[in-house]
Structure formats: structure tokens, C-alpha cells
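Trainee: Hey, dropping final_31.csv in here, CSV, C-alpha atoms and all ligand atoms:
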```csv
chain,number,residue,atom,x,y,z
W,1356,MET,CA,-5.7,-49.4,7.6
W,1357,PRO,CA,-3.4,-49.9,4.6
W,1358,THR,CA,-4.8,-49.9,1.1
W,1359,LEU,CA,-3.4,-50.7,-2.4
W,1360,ALA,CA,-4.7,-49.0,-5.5
W,1361,SER,CA,-2.0,-50.0,-7.9
W,1362,PRO,CA,0.8,-52.6,-8.0
W,1363,SER,CA,3.3,-49.8,-8.3
W,1364,GLN,CA,2.5,-48.9,-4.7
W,1365,MET,CA,4.0,-52.2,-3.5
W,1366,PRO,CA,7.3,-52.0,-1.7
W,1367,ASP,CA,10.4,-53.0,-3.7
W,1368,GLN,CA,10.6,-56.8,-3.8
W,1369,THR,CA,14.3,-57.2,-4.9
W,1370,GLY,CA,16.0,-60.2,-3.3
W,1371,ARG,CA,12.7,-61.9,-2.4
W,1372,THR,CA,11.4,-65.2,-3.8
W,1373,VAL,CA,7.7,-65.5,-4.4
W,1374,VAL,CA,5.9,-68.7,-5.4
W,1375,VAL,CA,2.5,-68.2,-7.1
W,1376,THR,CA,0.2,-71.2,-7.8
W,1377,GLY,CA,-2.1,-71.0,-10.9
W,1378,ALA,CA,0.2,-68.2,-12.2
W,1379,ASN,CA,-0.4,-68.8,-15.9
W,1380,SER,CA,-3.7,-67.0,-16.0
W,1381,GLY,CA,-6.0,-64.5,-14.4
W,1382,ILE,CA,-5.2,-63.2,-10.9
W,1383,GLY,CA,-2.2,-65.4,-10.4
W,1384,ARG,CA,-0.6,-64.2,-13.6
W,1385,ALA,CA,-1.3,-60.6,-12.8
W,1386,ALA,CA,0.1,-61.0,-9.3
W,1387,ALA,CA,3.2,-62.9,-10.5
W,1388,SER,CA,3.8,-60.2,-13.1
W,1389,ALA,CA,3.5,-57.5,-10.5
W,1390,PHE,CA,6.0,-59.2,-8.1
W,1391,ALA,CA,8.5,-59.7,-11.0
W,1392,ALA,CA,8.1,-56.1,-12.1
W,1393,ARG,CA,9.0,-55.0,-8.5
W,1394,GLY,CA,12.1,-57.1,-8.5
W,1395,ALA,CA,11.2,-60.4,-7.0
W,1396,ARG,CA,12.3,-63.8,-8.3
W,1397,VAL,CA,9.0,-65.4,-9.1
W,1398,VAL,CA,8.2,-69.1,-9.5
W,1399,LEU,CA,5.2,-69.8,-11.6
W,1400,ALA,CA,3.7,-73.0,-10.2
W,1401,VAL,CA,1.5,-74.2,-13.1
W,1402,ARG,CA,-0.1,-77.5,-14.2
W,1403,ASP,CA,0.6,-76.8,-17.9
W,1404,ARG,CA,4.3,-75.9,-18.7
W,1405,ASP,CA,3.5,-74.4,-22.1
W,1406,ARG,CA,0.9,-72.1,-20.7
W,1407,GLY,CA,3.3,-71.2,-17.9
W,1408,ARG,CA,6.1,-70.5,-20.4
W,1409,ALA,CA,3.7,-68.3,-22.4
W,1410,ALA,CA,2.8,-66.3,-19.3
W,1411,ALA,CA,6.5,-66.0,-18.2
W,1412,ALA,CA,7.5,-64.7,-21.7
W,1413,ALA,CA,5.1,-61.7,-21.1
W,1414,MET,CA,6.7,-60.8,-17.7
W,1415,ASP,CA,9.6,-58.6,-17.0
W,1416,GLY,CA,12.2,-59.9,-14.5
W,1417,ALA,CA,13.4,-63.2,-13.0
W,1418,VAL,CA,10.6,-65.6,-13.7
W,1419,GLU,CA,10.8,-69.4,-13.8
W,1420,VAL,CA,8.1,-72.0,-14.5
W,1421,ARG,CA,7.7,-75.2,-12.5
W,1422,PRO,CA,5.0,-77.9,-12.9
W,1423,LEU,CA,2.4,-78.2,-10.1
W,1424,ASP,CA,-0.9,-80.1,-10.3
W,1425,LEU,CA,-2.8,-79.5,-7.1
W,1426,ALA,CA,-5.1,-82.4,-7.9
W,1427,SER,CA,-2.1,-84.8,-7.3
W,1428,LEU,CA,-0.3,-85.2,-4.0
W,1429,THR,CA,2.6,-86.8,-6.0
W,1430,SER,CA,2.9,-83.6,-8.1
W,1431,ILE,CA,2.7,-81.4,-5.0
W,1432,ARG,CA,5.5,-83.4,-3.2
W,1433,SER,CA,7.6,-83.3,-6.3
W,1434,PHE,CA,7.2,-79.5,-6.7
W,1435,ALA,CA,7.9,-78.9,-3.0
W,1436,SER,CA,11.1,-81.1,-3.1
W,1437,GLY,CA,12.3,-79.1,-6.1
W,1438,ILE,CA,12.2,-75.8,-4.4
W,1439,ASP,CA,15.8,-74.8,-3.4
W,1440,GLY,CA,16.5,-72.2,-0.7
W,1441,THR,CA,13.9,-70.1,1.1
W,1442,VAL,CA,10.6,-68.7,-0.1
W,1443,ASP,CA,9.6,-65.3,1.1
W,1444,VAL,CA,6.0,-65.5,0.0
W,1445,LEU,CA,3.8,-68.4,-1.0
W,1446,VAL,CA,0.6,-67.3,-2.8
W,1447,ASN,CA,-2.0,-70.1,-2.8
W,1448,ASN,CA,-3.9,-68.6,-5.7
W,1449,ALA,CA,-5.0,-71.5,-8.0
W,1450,GLY,CA,-8.6,-72.4,-7.9
W,1451,THR,CA,-11.2,-74.4,-9.8
W,1452,MET,CA,-14.9,-74.6,-10.1
W,1453,THR,CA,-16.7,-77.6,-11.6
W,1454,ASP,CA,-20.3,-78.3,-12.3
W,1455,THR,CA,-20.1,-82.0,-12.0
W,1456,LEU,CA,-18.7,-84.2,-9.2
W,1457,ARG,CA,-15.1,-84.9,-10.1
W,1458,HIS,CA,-12.2,-86.1,-8.0
W,1459,THR,CA,-8.5,-85.6,-7.6
W,1460,ALA,CA,-6.0,-88.5,-8.0
W,1461,ALA,CA,-6.3,-89.3,-4.3
W,1462,GLY,CA,-10.1,-89.4,-4.6
W,1463,PHE,CA,-10.9,-86.0,-3.0
W,1464,GLU,CA,-13.9,-84.0,-4.3
W,1465,LEU,CA,-12.1,-81.8,-6.9
W,1466,GLN,CA,-12.9,-78.3,-5.6
W,1467,LEU,CA,-12.0,-79.2,-2.0
W,1468,GLY,CA,-9.1,-81.2,-3.2
W,1469,VAL,CA,-7.5,-78.5,-5.4
W,1470,ASN,CA,-8.6,-75.3,-3.7
W,1471,HIS,CA,-8.1,-76.4,-0.1
W,1472,LEU,CA,-6.4,-79.8,0.4
W,1473,GLY,CA,-3.8,-79.2,-2.4
W,1474,HIS,CA,-2.8,-75.9,-0.9
W,1475,PHE,CA,-2.9,-77.4,2.6
W,1476,ALA,CA,-0.4,-80.0,1.5
W,1477,LEU,CA,1.8,-77.6,-0.5
W,1478,THR,CA,2.0,-75.1,2.4
W,1479,ASN,CA,3.0,-77.7,5.0
W,1480,LEU,CA,5.6,-79.2,2.7
W,1481,LEU,CA,7.2,-75.8,2.1
W,1482,LEU,CA,6.7,-74.3,5.5
W,1483,ASP,CA,10.1,-75.0,6.9
W,1484,ARG,CA,11.5,-72.9,4.0
W,1485,ILE,CA,9.0,-70.1,4.1
W,1486,THR,CA,10.3,-67.0,5.8
W,1487,GLY,CA,7.6,-64.3,5.2
W,1488,ARG,CA,3.9,-64.9,4.3
W,1489,VAL,CA,1.4,-67.5,3.2
W,1490,VAL,CA,-1.4,-65.8,1.2
W,1491,THR,CA,-4.4,-67.9,0.3
W,1492,ALA,CA,-7.1,-66.9,-2.2
W,1493,THR,CA,-10.7,-67.2,-1.0
W,1494,SER,CA,-14.0,-65.8,-2.3
W,1495,THR,CA,-17.1,-64.1,-1.0
W,1496,ALA,CA,-18.7,-67.5,-1.7
W,1497,HIS,CA,-17.4,-68.4,1.8
W,1498,ARG,CA,-20.2,-66.3,3.3
W,1499,SER,CA,-23.1,-68.7,2.5
W,1500,ALA,CA,-21.0,-71.8,2.9
W,1501,ARG,CA,-20.5,-74.4,5.6
W,1502,ILE,CA,-18.1,-77.2,6.2
W,1503,ASP,CA,-20.1,-80.5,6.3
W,1504,PHE,CA,-17.8,-82.8,8.3
W,1505,ASP,CA,-20.2,-85.7,7.9
W,1506,ASP,CA,-20.0,-85.5,4.1
W,1507,LEU,CA,-16.9,-83.5,3.2
W,1508,GLN,CA,-16.5,-85.2,-0.2
W,1509,TRP,CA,-20.2,-85.1,-1.3
W,1510,GLU,CA,-20.6,-88.9,-1.1
W,1511,LYS,CA,-24.0,-88.9,0.7
W,1512,ARG,CA,-25.7,-85.8,-0.6
W,1513,GLN,CA,-26.7,-84.7,-4.1
W,1514,TYR,CA,-23.7,-82.7,-5.4
W,1515,ARG,CA,-24.2,-78.9,-5.4
W,1516,PRO,CA,-21.4,-77.3,-7.4
W,1517,PHE,CA,-21.7,-73.9,-5.8
W,1518,GLY,CA,-22.0,-75.5,-2.3
W,1519,ALA,CA,-18.8,-77.4,-2.9
W,1520,TYR,CA,-17.0,-74.3,-4.2
W,1521,GLY,CA,-18.2,-72.3,-1.2
W,1522,GLN,CA,-17.1,-75.1,1.2
W,1523,SER,CA,-13.6,-75.1,-0.4
W,1524,LYS,CA,-13.4,-71.3,-0.1
W,1525,LEU,CA,-14.5,-71.3,3.5
W,1526,ALA,CA,-11.9,-73.9,4.1
W,1527,ASN,CA,-9.3,-71.5,2.6
W,1528,LEU,CA,-10.2,-69.0,5.4
W,1529,LEU,CA,-10.3,-71.6,8.2
W,1530,PHE,CA,-6.9,-72.9,7.0
W,1531,THR,CA,-5.5,-69.4,7.2
W,1532,ALA,CA,-6.9,-68.9,10.8
W,1533,GLU,CA,-5.5,-72.2,12.0
W,1534,LEU,CA,-2.2,-71.8,10.2
W,1535,GLN,CA,-1.7,-68.4,11.9
W,1536,ARG,CA,-2.6,-69.9,15.3
W,1537,ARG,CA,-0.1,-72.7,14.8
W,1538,LEU,CA,2.6,-70.4,13.5
W,1539,THR,CA,2.2,-68.2,16.6
W,1540,ALA,CA,2.2,-71.2,18.9
W,1541,ALA,CA,5.4,-72.3,17.2
W,1542,GLY,CA,7.1,-68.9,17.7
W,1543,SER,CA,7.4,-68.5,14.0
W,1544,ARG,CA,7.5,-65.0,12.4
W,1545,VAL,CA,5.8,-66.3,9.3
W,1546,VAL,CA,2.4,-64.7,8.8
W,1547,ALA,CA,-0.7,-66.2,7.2
W,1548,THR,CA,-3.2,-63.9,5.4
W,1549,SER,CA,-5.9,-64.3,2.8
W,1550,ALA,CA,-7.3,-62.3,-0.1
W,1551,HIS,CA,-10.5,-62.3,-2.1
W,1552,PRO,CA,-10.6,-60.6,-5.5
W,1553,GLY,CA,-14.2,-59.5,-5.5
W,1554,TRP,CA,-15.4,-60.1,-9.0
W,1555,ALA,CA,-12.7,-60.3,-11.6
W,1556,SER,CA,-12.9,-61.0,-15.3
W,1557,THR,CA,-10.4,-63.9,-15.8
W,1558,GLY,CA,-10.4,-67.5,-17.1
W,1559,PHE,CA,-12.7,-68.4,-14.2
W,1560,ARG,CA,-16.2,-69.5,-15.2
W,1561,ILE,CA,-19.0,-69.7,-12.8
W,1562,THR,CA,-20.5,-73.1,-13.1
W,1563,SER,CA,-23.2,-73.2,-10.4
W,1564,GLY,CA,-25.2,-76.0,-12.0
W,1565,ASN,CA,-27.9,-73.4,-12.9
W,1566,ARG,CA,-27.5,-72.8,-16.7
W,1567,LEU,CA,-29.4,-69.5,-16.6
W,1568,LEU,CA,-27.3,-68.1,-13.8
W,1569,ASP,CA,-24.1,-69.3,-15.4
W,1570,ALA,CA,-25.1,-67.6,-18.7
W,1571,LEU,CA,-25.9,-64.4,-17.0
W,1572,ALA,CA,-22.6,-64.4,-15.1
W,1573,ALA,CA,-20.7,-65.1,-18.3
W,1574,PHE,CA,-22.5,-62.1,-19.9
W,1575,ALA,CA,-22.1,-59.7,-17.0
W,1576,THR,CA,-18.5,-60.5,-16.0
W,1577,PRO,CA,-16.7,-58.6,-18.8
W,1578,VAL,CA,-19.0,-55.6,-18.3
W,1579,LEU,CA,-19.2,-55.3,-14.5
W,1580,ALA,CA,-16.1,-57.0,-13.1
W,1581,HIS,CA,-12.6,-55.5,-12.8
W,1582,GLY,CA,-9.7,-57.0,-14.7
W,1583,PRO,CA,-7.2,-59.5,-13.4
W,1584,GLU,CA,-4.9,-56.7,-12.4
W,1585,GLY,CA,-7.6,-55.2,-10.2
W,1586,GLY,CA,-8.4,-58.7,-8.9
W,1587,ALA,CA,-4.8,-59.2,-7.9
W,1588,LEU,CA,-4.6,-56.1,-5.7
W,1589,PRO,CA,-5.9,-57.8,-2.5
W,1590,THR,CA,-3.4,-60.6,-3.0
W,1591,LEU,CA,-0.6,-58.1,-3.4
W,1592,LEU,CA,-1.8,-56.2,-0.3
W,1593,ALA,CA,-2.1,-59.4,1.8
W,1594,ALA,CA,1.4,-60.4,0.6
W,1595,THR,CA,3.3,-57.1,1.2
W,1596,GLY,CA,1.1,-54.6,3.1
W,1597,ASP,CA,1.2,-53.7,6.7
W,1598,VAL,CA,-1.8,-55.9,7.4
W,1599,PRO,CA,-2.6,-57.9,10.6
W,1600,ALA,CA,-1.7,-61.6,10.8
W,1601,GLY,CA,-4.7,-63.7,9.8
W,1602,SER,CA,-6.4,-60.9,8.1
W,1603,LEU,CA,-8.5,-60.9,4.9
W,1604,ALA,CA,-7.9,-58.3,2.1
W,1605,GLY,CA,-10.5,-57.5,-0.6
W,1606,PRO,CA,-11.7,-54.8,-2.9
W,1607,SER,CA,-13.1,-51.8,-1.0
W,1608,ARG,CA,-15.8,-50.4,-3.3
W,1609,PHE,CA,-19.2,-51.5,-4.7
W,1610,GLY,CA,-19.8,-53.8,-1.8
W,1611,GLY,CA,-16.4,-55.4,-2.1
W,1612,VAL,CA,-16.7,-56.2,-5.8
W,1613,ARG,CA,-14.0,-54.0,-7.1
W,1614,GLY,CA,-11.8,-51.0,-6.3
W,1615,PRO,CA,-8.6,-50.5,-4.3
W,1616,ALA,CA,-7.7,-53.4,-1.9
W,1617,ALA,CA,-8.2,-52.9,1.8
W,1618,ALA,CA,-8.7,-55.1,4.9
W,1619,THR,CA,-12.1,-56.6,5.1
W,1620,GLU,CA,-14.0,-58.9,7.4
W,1621,PRO,CA,-14.7,-62.6,6.8
W,1622,THR,CA,-17.8,-64.1,8.5
W,1623,ALA,CA,-17.6,-65.1,12.1
W,1624,GLY,CA,-17.7,-68.7,11.0
W,1625,ALA,CA,-14.6,-68.3,9.0
W,1626,ASN,CA,-12.6,-67.6,12.2
W,1627,ASP,CA,-14.2,-70.2,14.4
W,1628,PRO,CA,-11.3,-71.9,16.1
W,1629,ASP,CA,-13.1,-75.2,16.8
W,1630,THR,CA,-14.1,-75.6,13.1
W,1631,ALA,CA,-10.6,-74.5,12.0
W,1632,GLY,CA,-8.9,-76.9,14.3
W,1633,ARG,CA,-11.2,-79.8,13.2
W,1634,LEU,CA,-10.7,-79.0,9.5
W,1635,TRP,CA,-6.9,-79.0,10.0
W,1636,GLN,CA,-7.0,-82.4,11.7
W,1637,VAL,CA,-9.1,-83.9,9.0
W,1638,SER,CA,-6.9,-82.3,6.3
W,1639,GLU,CA,-3.8,-83.9,7.9
W,1640,GLU,CA,-5.5,-87.3,8.0
W,1641,LEU,CA,-6.7,-87.0,4.4
W,1642,THR,CA,-3.4,-85.8,2.9
W,1643,GLY,CA,-1.0,-87.6,5.4
W,1644,ILE,CA,0.9,-84.3,5.6
W,1645,ARG,CA,1.3,-82.5,8.9
W,1646,PHE,CA,2.3,-79.1,10.3
W,1647,PRO,CA,6.1,-79.4,10.4
W,1648,LEU,CA,7.0,-76.8,13.1
W,1649,THR,CA,7.3,-77.7,16.7
W,1650,SER,CA,5.3,-75.6,19.3
W,1651,SER,CA,7.7,-73.4,21.2
W,1652,ALA,CA,5.5,-74.1,24.3
W,1653,ALA,CA,6.1,-77.9,23.9
X,1701,LIG,N1,-12.4,-64.4,-10.8
X,1701,LIG,C1,-13.2,-64.1,-9.8
X,1701,LIG,O1,-14.1,-63.3,-9.9
X,1701,LIG,C2,-12.9,-64.8,-8.5
X,1701,LIG,C3,-13.8,-64.5,-7.4
X,1701,LIG,C4,-13.5,-65.1,-6.2
X,1701,LIG,C5,-12.4,-65.9,-6.0
X,1701,LIG,N2,-11.6,-66.2,-7.1
X,1701,LIG,C6,-10.4,-67.0,-6.8
X,1701,LIG,O2,-9.3,-66.4,-7.4
X,1701,LIG,C7,-8.3,-67.5,-7.7
X,1701,LIG,C8,-7.8,-67.2,-9.1
X,1701,LIG,O3,-8.8,-67.4,-10.0
X,1701,LIG,P1,-8.9,-66.6,-11.4
X,1701,LIG,O4,-10.1,-65.8,-11.3
X,1701,LIG,O5,-7.6,-66.0,-11.7
X,1701,LIG,O6,-9.2,-67.8,-12.4
X,1701,LIG,P2,-8.4,-68.5,-13.6
X,1701,LIG,O7,-7.9,-67.4,-14.6
X,1701,LIG,O8,-9.2,-69.6,-14.1
X,1701,LIG,O9,-7.1,-69.0,-12.9
X,1701,LIG,C9,-7.1,-70.2,-12.1
X,1701,LIG,C10,-5.8,-70.8,-12.1
X,1701,LIG,O10,-5.8,-72.0,-11.2
X,1701,LIG,C11,-5.1,-73.0,-12.0
X,1701,LIG,N3,-5.6,-74.3,-11.6
X,1701,LIG,C12,-6.8,-74.9,-11.6
X,1701,LIG,N4,-6.7,-76.2,-11.2
X,1701,LIG,C13,-5.4,-76.4,-10.9
X,1701,LIG,C14,-4.7,-77.6,-10.5
X,1701,LIG,N5,-5.3,-78.8,-10.3
X,1701,LIG,N6,-3.4,-77.5,-10.3
X,1701,LIG,C15,-2.7,-76.3,-10.5
X,1701,LIG,N7,-3.4,-75.2,-10.9
X,1701,LIG,C16,-4.7,-75.3,-11.1
X,1701,LIG,C17,-5.5,-72.7,-13.4
X,1701,LIG,O11,-4.6,-73.4,-14.3
X,1701,LIG,P3,-5.1,-73.8,-15.8
X,1701,LIG,O12,-5.0,-72.6,-16.6
X,1701,LIG,O13,-4.2,-74.9,-16.1
X,1701,LIG,O14,-6.5,-74.3,-15.7
X,1701,LIG,C18,-5.3,-71.2,-13.5
X,1701,LIG,O15,-4.0,-70.9,-13.6
X,1701,LIG,C19,-9.0,-68.8,-7.5
X,1701,LIG,O16,-8.7,-69.3,-6.3
X,1701,LIG,C20,-10.5,-68.4,-7.5
X,1701,LIG,O17,-11.3,-69.3,-6.7
X,1701,LIG,C21,-11.8,-65.6,-8.3
```
Rewrite the structure of this file - the entire thing - as C-alpha cells.
Ligand SMILES: NC(=O)c1ccc[n+]([C@@H]2O[C@H](COP(=O)([O-])OP(=O)(O)OC[C@H]3O[C@@H](n4cnc5c(N)ncnc54)[C@H](OP(=O)(O)O)[C@@H]3O)[C@@H](O)[C@H]2O)c1

Mentor:
Amino acid sequence: MPTLASPSQMPDQTGRTVVVTGANSGIGRAAASAFAARGARVVLAVRDRDRGRAAAAAMDGAVEVRPLDLASLTSIRSFASGIDGTVDVLVNNAGTMTDTLRHTAAGFELQLGVNHLGHFALTNLLLDRITGRVVTATSTAHRSARIDFDDLQWEKRQYRPFGAYGQSKLANLLFTAELQRRLTAAGSRVVATSAHPGWASTGFRITSGNRLLDALAAFATPVLAHGPEGGALPTLLAATGDVPAGSLAGPSRFGGVRGPAAATEPTAGANDPDTAGRLWQVSEELTGIRFPLTSSAA
């Protein structure tokens, strides 16, 4: 199985175009920087242009900044329509965690809306121009999560921040599984993969709703976690390595918390075709955006 211990082990990316969401900070910034350093043209898809420009200024290579707010379907459509030419790799990296019930412009619960539905919409709007891979960031939080189709948006239950985050990160994996199934059915050579960073010290703050737990996590993260460059290795492996379609990459040491990137196993539930198909259908209904390719069997 392929592994990646350093961005310098990535194949040369000259002539390729890579779009990275949430590329102004943390893992997205580290991944974008690595792609640019290896010769790719990189589009930093960010919700704050100034932070995006500041990140771009620190990168070597062909880097451009474009606005994208994944909490707005209008912004997602505008971003997608502004992309000229083909995209070799789309990295669905951006993510949010919030301790209170908040909503996107369309009224989706924010974590599901940004982490899953925003990337669902973006991917399908760009798919006819993507030629290589779609890499989606997930988390080990998917392991204890479930998709509650009866209350996807937390309208009936008391809001549980970590439950909502886990649901969105499980949705990232189910999305990858169903996207790959549909790409295969359509005869497409595009491949869907996913990556989790383990535990990375970034701008990301754990807001579980439990103040003690959150304070402990804030204290322990800079000590125990790897940096954003280490957290980006699974993304880089999933984007460029010789990994199977639909696979998940993650850190290979300390129980998957840090270390070189390698293929790793999601839970069985994260590959369940019925759940993945149902989530896809619901996501199409919610966003009004559909899989754009026609099945070659049709
Ligand atoms: N760090 C970890 O240990 C860890 C563990 C498991 C999974 N992850 C996943 O890794 C991914 C990257 O996170 P990170 O650790 O690098 O955290 P980060 O430094 O906080 O980066 C998150 C990025 O997402 C962007 N973002 C948030 N909401 C957005 C929106 N509505 N539209 C567009 N962009 C938005 C942020 O932009 P702003 O700067 O404008 O807020 C930021 O660039 C996330 O998907 C996260 O769930 C991280």
C-alpha cells in the first residue's frame, strides 16, 4: 500500500490545476502550498479574500484566490461558474465546528450545510470539468456518528454539537462512496477518495458543548497533535497516490492520530450503499443540484 511521509514525495504536479476549499488556513493551506511547490496551478477557494491573499503570498508557484462561501449556494454557484477550463483535483477540505445551532443561507444546519451539502453542491457543479480526483476531508468523528434522516437538520432534537459534526463527517464518507459508485456507472475515469488528518494543530477548535473537554482539547492540541503539514499528508496521498477508488487515507501511527499517511479503513456504516444512496437523494433535493453525468448503462 502506498504511503506518504513528506510532500516532497508527491509526484510532480506541473500542468495540473488543483482547487482547494478552505485553503487560507490549516490543512487546506498546507496542502495548497505543497501542490503549488510541486508545480500545480492552485486555486485557493476561500470565504475571506484578504486571508486568502495573505496565504497565497506565502506560497511559491502559480496560486490564485477566489471567493467561496460554502454556507451560501449562491456563492457556490458563482464560484463554480467562474472556473475556466478543467480541474485535475478538487480538494473538499473546508470544515467548520460550532457549539450552537446555526444555519446556512438556505437554512441548513451549519455543520451539515458547510461540511457536506456545500461540498456536495460544489462537486456536482464542477464535475463536468473535473478530470482527475475529488478528495473530501473527513474525520475519525465519523466513527461514532449516524445519519438521522428523520431529523437531519436538528429541528426536533436537542442540538448536540459533536453529534452534528460527526454526522457531517460521516456524510463526507458516504458522499465519497456514492460519488464513486455513480462515476463508475457513468463510465467516468474521475476517482473519488477521502482523507482524515488525524489530530492536527490548526485553526480548528473543538467545540463539543462540554467546556471542560473543549479546554482540555485546546490545551493538548499544540502538544500532542501534528502540525498542518502533517495533517495534510493524507489529503496529498488521496489526491496523488496510487490509492484505490473510494478509499480513505489517514495517519498511520499512534492509532491513526499522526505520522505518515497510508490507506485506512472507515467504519462499515460509512460504506453502506443504501445509506449513501439515500443521503445523495436527500442532498439533491435540499440543494436542487444533481449529479451531472449520464450513466453509460442508460
Ligand atoms: N484539525 C484537526 O485535527 C482535524 C481533525 C479531523 C478533521 N479535520 C478536518 O480537516 C479540515 C480542515 O480543517 P483544519 O484543521 O485545517 O481547520 P481550519 O484551520 O479551521 O481550516 C478550516 C478552513 O475551512 C474554512 N471554512 C469554514 N467555513 C467555511 C465556509 N462557510 N466557506 C468556506 N470555507 C469555510 C475556514 O475558513 P475561515 O478561515 O474563513 O474560517 C478555513 O480555511 C476540516 O474539514 C476539518 O473538519 C480536522

Trainee: What residues of the protein or nucleic acid chains come within 6 Å of ligand LIG 1701 (chain X) when you use all atoms listed in the file? Reply as a count of residues only.

Mentor: 31

Trainee: Is there a way to get, as a count of residues only, all residues within 8 Å of the point (-26.4, -75.0, -6.5) in file coordinates, counting all atoms listed in the file?

Mentor: 7

Trainee: Tell me which protein, DNA and RNA residues are within 12 Å of Ser1427 in chain W, counting all atoms listed in the file, leaving out same-chain ones fewer than 6 positions away, and put them as a ChimeraX atom specification.

Mentor: /W:1402,1433-1434,1458-1463,1465,1468-1469,1472-1474,1476-1477,1642

Trainee: Dump C-alpha atoms for the selected residues as a PDB file, keeping the file's coordinate frame?

Mentor:
```
ATOM      1  CA  ARG W1402      -0.100 -77.500 -14.200  1.00  0.00           C
ATOM      2  CA  SER W1433       7.600 -83.300  -6.300  1.00  0.00           C
ATOM      3  CA  PHE W1434       7.200 -79.500  -6.700  1.00  0.00           C
ATOM      4  CA  HIS W1458     -12.200 -86.100  -8.000  1.00  0.00           C
ATOM      5  CA  THR W1459      -8.500 -85.600  -7.600  1.00  0.00           C
ATOM      6  CA  ALA W1460      -6.000 -88.500  -8.000  1.00  0.00           C
ATOM      7  CA  ALA W1461      -6.300 -89.300  -4.300  1.00  0.00           C
ATOM      8  CA  GLY W1462     -10.100 -89.400  -4.600  1.00  0.00           C
ATOM      9  CA  PHE W1463     -10.900 -86.000  -3.000  1.00  0.00           C
ATOM     10  CA  LEU W1465     -12.100 -81.800  -6.900  1.00  0.00           C
ATOM     11  CA  GLY W1468      -9.100 -81.200  -3.200  1.00  0.00           C
ATOM     12  CA  VAL W1469      -7.500 -78.500  -5.400  1.00  0.00           C
ATOM     13  CA  LEU W1472      -6.400 -79.800   0.400  1.00  0.00           C
ATOM     14  CA  GLY W1473      -3.800 -79.200  -2.400  1.00  0.00           C
ATOM     15  CA  HIS W1474      -2.800 -75.900  -0.900  1.00  0.00           C
ATOM     16  CA  ALA W1476      -0.400 -80.000   1.500  1.00  0.00           C
ATOM     17  CA  LEU W1477       1.800 -77.600  -0.500  1.00  0.00           C
ATOM     18  CA  THR W1642      -3.400 -85.800   2.900  1.00  0.00           C
TER      19      THR W1642
END
```

Trainee: List as a list of chain:residue names the protein and nucleic acid residues near range 1596-1612 of chain W, meaning an atom at most 6 Å away when only C-alpha atoms are counted, but skip any in the same chain fewer than 6 places from it.

Mentor: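 Residues near the query, excluding close chain neighbours: W:Ala1532, W:Gln1535, W:Val1546, W:Ala1547, W:Thr1548, W:Ser1549, W:Ala1550, W:His1551, W:Pro1552, W:Gly1553, W:Trp1554, W:Pro1589, W:Ala1618, W:Thr1619.
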
Trainee: Expressed in Å to a single decimal, how great is the separation between CA of Gly1632 in chain W and CA of Ile1438 in chain W?

Mentor: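 CA of Ile1438 in chain W lies at a distance of 28.2 Å from CA of Gly1632 in chain W.
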
Trainee: Using all atoms listed in the file, which of W:Arg1498, W:Lys1524, W:Arg1396, W:His1471 sits nearest Ser1638 in chain W?

Mentor: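 For Ser1638 in chain W, the nearest of the given residues is W:His1471.
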
Trainee: When you count all atoms listed in the file, which of these residues is closest to Ala1435 in chain W: W:Asp1367, W:Asp1483, W:Asp1629, W:Asp1415?

Mentor: W:Asp1483

Trainee: Write out as a ChimeraX atom specification the residues lying within 6 Å of Leu1528 in chain W, counting all atoms listed in the file and excluding same-chain residues fewer than 3 positions away.

Mentor: /W:1525,1531,1625

Trainee: Which residue, W:Gln1636, W:Val1490, W:Arg1645, W:Leu1591, has the smallest gap to Gln1364 in chain W when you use only C-alpha atoms?

Mentor: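 The answer is W:Leu1591, which sits nearest to Gln1364 in chain W.
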
Trainee: Can you measure CA of Arg1560 in chain W to CA of Pro1422 in chain W for me? One decimal in Å is fine.

Mentor: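 Computed distance, CA of Arg1560 in chain W to CA of Pro1422 in chain W, equals 22.9 Å.
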
Trainee: Rounded to one decimal in Å, what is the spacing between CA of Ala1594 in chain W and CA of Val1444 in chain W?

Mentor: 6.9 Å

Trainee: May I ask which of the residues W:Ala1526, W:Leu1456, W:Ala1386, W:Leu1480 is the closest one to Tyr1514 in chain W, counting only C-alpha atoms?

Mentor: W:Leu1456

Trainee: My list of candidates is W:Arg1512, W:Asp1505, W:Arg1432, W:Ala1570. Which is closest to Asn1479 in chain W when distances are computed with all atoms listed in the file?

Mentor: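 Looking at the shortest contact to Asn1479 in chain W, the residue is W:Arg1432.
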
Trainee: Excluding Arg1393 in chain W and residues on its chain fewer than 6 positions from it, collect all residues at most 9 Å away from it, counting all atoms listed in the file, and give them as a list of chain:residue names.

Mentor: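 Everything that qualifies: W:Pro1362, W:Ser1363, W:Met1365, W:Pro1366, W:Asp1367, W:Gln1368, W:Thr1369, W:Gly1416.
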
Trainee: So, counting all atoms listed in the file, which residue among W:Arg1544, W:Arg1488, W:His1581, W:Arg1457 is closest to Gln1508 in chain W?

Mentor: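 For Gln1508 in chain W, the nearest of the given residues is W:Arg1457.
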